[in-house]
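What's in protein25.cif: mmCIF, C-alpha atoms
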data_work
loop_
_atom_site.label_atom_id
_atom_site.label_comp_id
_atom_site.auth_asym_id
_atom_site.auth_seq_id
_atom_site.Cartn_x
_atom_site.Cartn_y
_atom_site.Cartn_z
CA MET A 1 -28.03 -31.75 12.82
CA SER A 2 -30.12 -28.68 12.03
CA GLN A 3 -30.56 -27.20 8.58
CA ARG A 4 -27.88 -24.63 7.87
CA LYS A 5 -28.84 -20.98 7.47
CA LYS A 6 -27.61 -19.62 4.15
CA VAL A 7 -26.26 -16.15 3.38
CA LEU A 8 -25.37 -14.67 -0.01
CA MET A 9 -23.15 -11.58 -0.20
CA VAL A 10 -23.74 -9.44 -3.31
CA CYS A 11 -21.82 -6.58 -4.89
CA LEU A 12 -21.63 -5.21 -8.40
CA GLY A 13 -18.99 -7.48 -9.95
CA ASN A 14 -18.20 -10.11 -7.29
CA SER A 15 -14.52 -9.21 -7.41
CA CYS A 16 -13.94 -7.07 -4.30
CA ARG A 17 -16.53 -6.42 -1.62
CA SER A 18 -18.69 -9.54 -1.73
CA PRO A 19 -15.72 -11.96 -1.88
CA ILE A 20 -14.12 -10.10 1.05
CA ALA A 21 -17.42 -10.35 2.97
CA GLU A 22 -17.75 -14.05 2.11
CA ALA A 23 -14.19 -14.79 3.26
CA VAL A 24 -14.67 -12.80 6.48
CA PHE A 25 -17.97 -14.60 7.16
CA CYS A 26 -16.26 -18.00 6.70
CA ASP A 27 -13.42 -16.92 8.98
CA GLN A 28 -15.84 -15.73 11.67
CA LEU A 29 -17.76 -19.02 11.46
CA LYS A 30 -14.52 -20.89 12.04
CA GLN A 31 -13.54 -18.65 14.97
CA MET A 32 -17.00 -18.97 16.56
CA ASN A 33 -17.20 -22.72 15.87
CA LEU A 34 -20.38 -22.25 13.81
CA ASN A 35 -19.36 -23.94 10.52
CA ASN A 36 -22.03 -26.61 10.93
CA PHE A 37 -24.83 -24.04 11.18
CA TRP A 38 -24.17 -21.52 8.41
CA LYS A 39 -23.31 -21.53 4.73
CA VAL A 40 -22.14 -18.46 2.80
CA ASP A 41 -21.44 -17.61 -0.84
CA SER A 42 -21.11 -14.44 -2.90
CA ALA A 43 -22.37 -13.22 -6.26
CA ALA A 44 -22.57 -10.20 -8.56
CA LEU A 45 -25.33 -8.12 -10.07
CA LEU A 46 -23.35 -7.71 -13.31
CA GLN A 47 -21.34 -10.11 -15.45
CA TYR A 48 -18.08 -8.13 -15.62
CA HIS A 49 -15.90 -10.65 -13.79
CA VAL A 50 -17.77 -13.96 -14.16
CA GLY A 51 -15.42 -16.93 -13.86
CA LYS A 52 -12.53 -14.84 -12.55
CA CYS A 53 -10.84 -14.95 -9.16
CA PRO A 54 -11.26 -11.99 -6.79
CA GLU A 55 -9.25 -8.83 -7.44
CA PRO A 56 -5.60 -9.38 -6.41
CA ARG A 57 -5.76 -6.49 -3.91
CA ALA A 58 -8.77 -8.14 -2.25
CA MET A 59 -6.85 -11.42 -1.95
CA SER A 60 -3.78 -9.57 -0.65
CA THR A 61 -5.90 -7.82 1.99
CA LEU A 62 -7.41 -11.13 3.10
CA LYS A 63 -3.99 -12.76 3.32
CA LYS A 64 -2.58 -9.79 5.24
CA ARG A 65 -5.45 -10.20 7.74
CA GLY A 66 -4.77 -13.93 8.20
CA ILE A 67 -7.36 -15.38 5.81
CA THR A 68 -5.25 -17.59 3.56
CA GLN A 69 -7.63 -20.43 2.68
CA TYR A 70 -10.10 -18.67 0.40
CA THR A 71 -10.92 -19.39 -3.23
CA HIS A 72 -13.80 -18.11 -5.33
CA LYS A 73 -14.84 -17.63 -8.94
CA ALA A 74 -17.15 -14.69 -9.65
CA ARG A 75 -20.72 -15.49 -10.60
CA VAL A 76 -23.94 -13.59 -11.22
CA ILE A 77 -26.92 -13.87 -8.88
CA LYS A 78 -29.66 -16.14 -10.25
CA GLU A 79 -33.38 -16.26 -9.62
CA GLU A 80 -33.00 -19.53 -7.71
CA ASP A 81 -30.72 -17.76 -5.20
CA PHE A 82 -33.76 -15.89 -3.90
CA TYR A 83 -35.26 -19.26 -2.92
CA LYS A 84 -32.04 -20.94 -1.79
CA TYR A 85 -30.71 -18.31 0.64
CA ASP A 86 -32.19 -17.09 3.92
CA TRP A 87 -30.42 -13.71 3.66
CA ILE A 88 -29.10 -11.85 0.64
CA LEU A 89 -26.88 -9.03 1.84
CA GLY A 90 -26.09 -6.14 -0.49
CA MET A 91 -22.85 -4.23 -0.09
CA ASP A 92 -24.43 -0.81 -0.69
CA SER A 93 -27.86 0.78 -0.90
CA GLY A 94 -27.93 0.77 -4.73
CA ILE A 95 -27.21 -2.95 -4.87
CA THR A 96 -29.77 -3.65 -2.16
CA TYR A 97 -32.37 -1.66 -4.11
CA GLU A 98 -31.62 -3.66 -7.28
CA LEU A 99 -31.88 -6.94 -5.34
CA CYS A 100 -35.31 -5.90 -4.03
CA GLN A 101 -36.42 -5.11 -7.59
CA MET A 102 -35.21 -8.52 -8.81
CA GLN A 103 -36.68 -10.56 -5.95
CA PRO A 104 -39.50 -12.88 -7.02
CA LYS A 105 -42.71 -12.18 -5.09
CA ASN A 106 -42.91 -15.64 -3.53
CA SER A 107 -39.27 -16.01 -2.44
CA GLN A 108 -38.41 -16.07 1.24
CA ALA A 109 -34.93 -14.51 1.17
CA LYS A 110 -34.52 -11.52 3.45
CA ILE A 111 -32.72 -8.78 1.52
CA GLU A 112 -30.73 -6.42 3.70
CA LEU A 113 -27.83 -4.02 3.57
CA LEU A 114 -24.80 -5.66 5.21
CA GLY A 115 -23.76 -2.29 6.61
CA MET A 116 -26.97 -2.00 8.62
CA TYR A 117 -25.20 -4.32 11.08
CA ASP A 118 -22.14 -2.06 11.35
CA PRO A 119 -21.93 -0.76 14.94
CA ASN A 120 -20.11 2.30 13.56
CA GLY A 121 -23.13 3.11 11.38
CA GLU A 122 -21.33 2.97 8.02
CA LEU A 123 -24.15 1.61 5.86
CA ASN A 124 -22.38 1.27 2.52
CA ILE A 125 -19.38 -1.04 2.28
CA ARG A 126 -16.58 0.87 0.55
CA ASP A 127 -16.13 -0.01 -3.15
CA PRO A 128 -12.35 0.01 -3.70
CA LEU A 129 -12.16 -1.41 -7.24
CA PHE A 130 -11.02 1.76 -8.98
CA ASP A 131 -8.65 2.94 -6.23
CA ASP A 132 -4.95 3.23 -7.03
CA ASP A 133 -3.88 1.47 -3.85
CA SER A 134 -5.16 -1.03 -1.27
CA ALA A 135 -6.47 1.41 1.37
CA GLY A 136 -10.06 1.00 0.19
CA PHE A 137 -9.76 -2.77 0.40
CA GLU A 138 -8.59 -2.46 4.01
CA LYS A 139 -11.56 -0.19 4.71
CA ALA A 140 -14.00 -2.66 3.08
CA PHE A 141 -12.46 -5.49 5.11
CA GLU A 142 -12.89 -3.58 8.38
CA GLN A 143 -16.49 -2.63 7.58
CA ALA A 144 -17.37 -6.19 6.57
CA THR A 145 -15.75 -7.63 9.70
CA ARG A 146 -17.65 -5.33 12.07
CA SER A 147 -20.94 -5.91 10.24
CA ILE A 148 -20.57 -9.70 10.06
CA LYS A 149 -19.65 -10.04 13.72
CA THR A 150 -22.80 -8.12 14.65
CA PHE A 151 -24.92 -10.07 12.15
CA LEU A 152 -23.78 -13.39 13.61
CA LYS A 153 -24.33 -12.24 17.20
CA GLN A 154 -27.86 -11.03 16.35
CA HIS A 155 -28.79 -14.18 14.44
CA ALA A 156 -27.12 -16.85 16.57
CA GLY A 157 -30.56 -17.64 17.97
CA ASP A 158 -31.86 -18.39 14.45
CA ILE A 159 -30.10 -21.74 14.42
CA CYS A 160 -31.52 -24.81 16.08
CA VAL A 161 -29.08 -27.31 17.52
#

Encoded form using structure tokens:
Amino acid sequence: MSQRKKVLMVCLGNSCRSPIAEAVFCDQLKQMNLNNFWKVDSAALLQYHVGKCPEPRAMSTLKKRGITQYTHKARVIKEEDFYKYDWILGMDSGITYELCQMQPKNSQAKIELLGMYDPNGELNIRDPLFDDDSAGFEKAFEQATRSIKTFLKQHAGDICV
């Protein structure tokens, strides 16, 4: 079997957007029968939610969309992640900028904005944390789904069988 390609989703607190993106990525891998070729995780820039489960509205949105087998505890990105992962995908341009500033010079991780893969051209994944309802979580889910489907289609050739 080939070596798995590894992707790390990153947002500010690892409680909303990056866990949604991680869960969607896992679901797409299952649907496309690519589990043996990819590995995905998520992390935060800041320590606000370390050790906690994703925001309940994020979990509710995932469940509503048919993703029921997802668990995660928030963690902060570490220097070793820049060596461990092939792609580190930021949820918005500010996060992506910070990731580029943090990246060690000799690491091989490709840092990109997840939304650059969105066929609708929405570059920044919606941050719904401080919303009063779940509409922003639905929006983030839709953006992540479109972007991840395109990412996987574009990079399917990066795996060797």

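Taking atom CA of Lys84 of chain A and atom CA of Leu99 of chain A as endpoints, the distance between them is 14.4 Å.
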
Residues at most 8 Å from Asn14 of chain A, counting only C-alpha atoms, excluding those fewer than 6 positions away in the same chain, as JSON, numbers by chain? {"A": [42, 43, 44, 45, 49, 50, 54, 74, 75, 76]}

Mind checking which residues fall within 9 Å of Leu129 of chain A, counting only C-alpha atoms, ignoring those fewer than 6 positions away in the same chain, and posting them as a PyMOL selection string? chain A and resi 15-17+55+57+136-137

Could you check the closest approach to Cys53 of chain A for each of A:Lys110, A:Ser134, A:Glu79, A:Lys73 and tell me which residue wins, using only C-alpha atoms?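 Of the candidates, the smallest distance to Cys53 of chain A is held by A:Lys73.
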
Reference answer for the PyMOL selection byres ((chain A and resi 21-35) around 9), as a PyMOL selection string: chain A and resi 4+7-10+16-20+36-42+62+67+69-71+91+140-141+144-145+148-149+152

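Pairwise distance (atom CA of Trp87 of chain A, atom CA of Leu114 of chain A) equals 9.9 Å.
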
In Å and to one decimal, atom CA of Tyr48 of chain A is distant from atom CA of Leu12 of chain A by 8.6 Å

Reconstruct segment 38-50 of chain A at the level of N, CA and C atoms, and format the result as a compact mmCIF listing (two decimals), keeping the file's coordinate frame.
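Saved as out.txt:
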# COMPACT_ATOMS: atom_id res chain seq x y z
N TRP A 38 -24.04 -22.58 9.41
CA TRP A 38 -24.17 -21.52 8.41
C TRP A 38 -23.45 -21.90 7.13
N LYS A 39 -23.95 -21.38 6.03
CA LYS A 39 -23.31 -21.53 4.73
C LYS A 39 -23.33 -20.15 4.08
N VAL A 40 -22.23 -19.79 3.41
CA VAL A 40 -22.14 -18.46 2.80
C VAL A 40 -21.53 -18.58 1.40
N ASP A 41 -21.97 -17.70 0.52
CA ASP A 41 -21.44 -17.61 -0.84
C ASP A 41 -21.51 -16.14 -1.23
N SER A 42 -21.01 -15.81 -2.42
CA SER A 42 -21.11 -14.44 -2.90
C SER A 42 -21.40 -14.45 -4.39
N ALA A 43 -21.97 -13.33 -4.86
CA ALA A 43 -22.37 -13.22 -6.26
C ALA A 43 -22.36 -11.75 -6.68
N ALA A 44 -22.58 -11.54 -7.97
CA ALA A 44 -22.57 -10.20 -8.56
C ALA A 44 -23.93 -9.85 -9.14
N LEU A 45 -24.17 -8.57 -9.30
CA LEU A 45 -25.33 -8.12 -10.07
C LEU A 45 -25.01 -8.15 -11.57
N LEU A 46 -23.77 -7.83 -11.91
CA LEU A 46 -23.35 -7.71 -13.31
C LEU A 46 -22.33 -8.78 -13.68
N GLN A 47 -22.17 -9.02 -14.97
CA GLN A 47 -21.34 -10.11 -15.45
C GLN A 47 -19.88 -9.75 -15.71
N TYR A 48 -19.44 -8.60 -15.30
CA TYR A 48 -18.08 -8.13 -15.62
C TYR A 48 -16.98 -9.15 -15.35
N HIS A 49 -17.03 -9.82 -14.23
CA HIS A 49 -15.90 -10.65 -13.79
C HIS A 49 -16.23 -12.14 -13.69
N VAL A 50 -17.33 -12.57 -14.28
CA VAL A 50 -17.77 -13.96 -14.16
C VAL A 50 -16.63 -14.92 -14.52
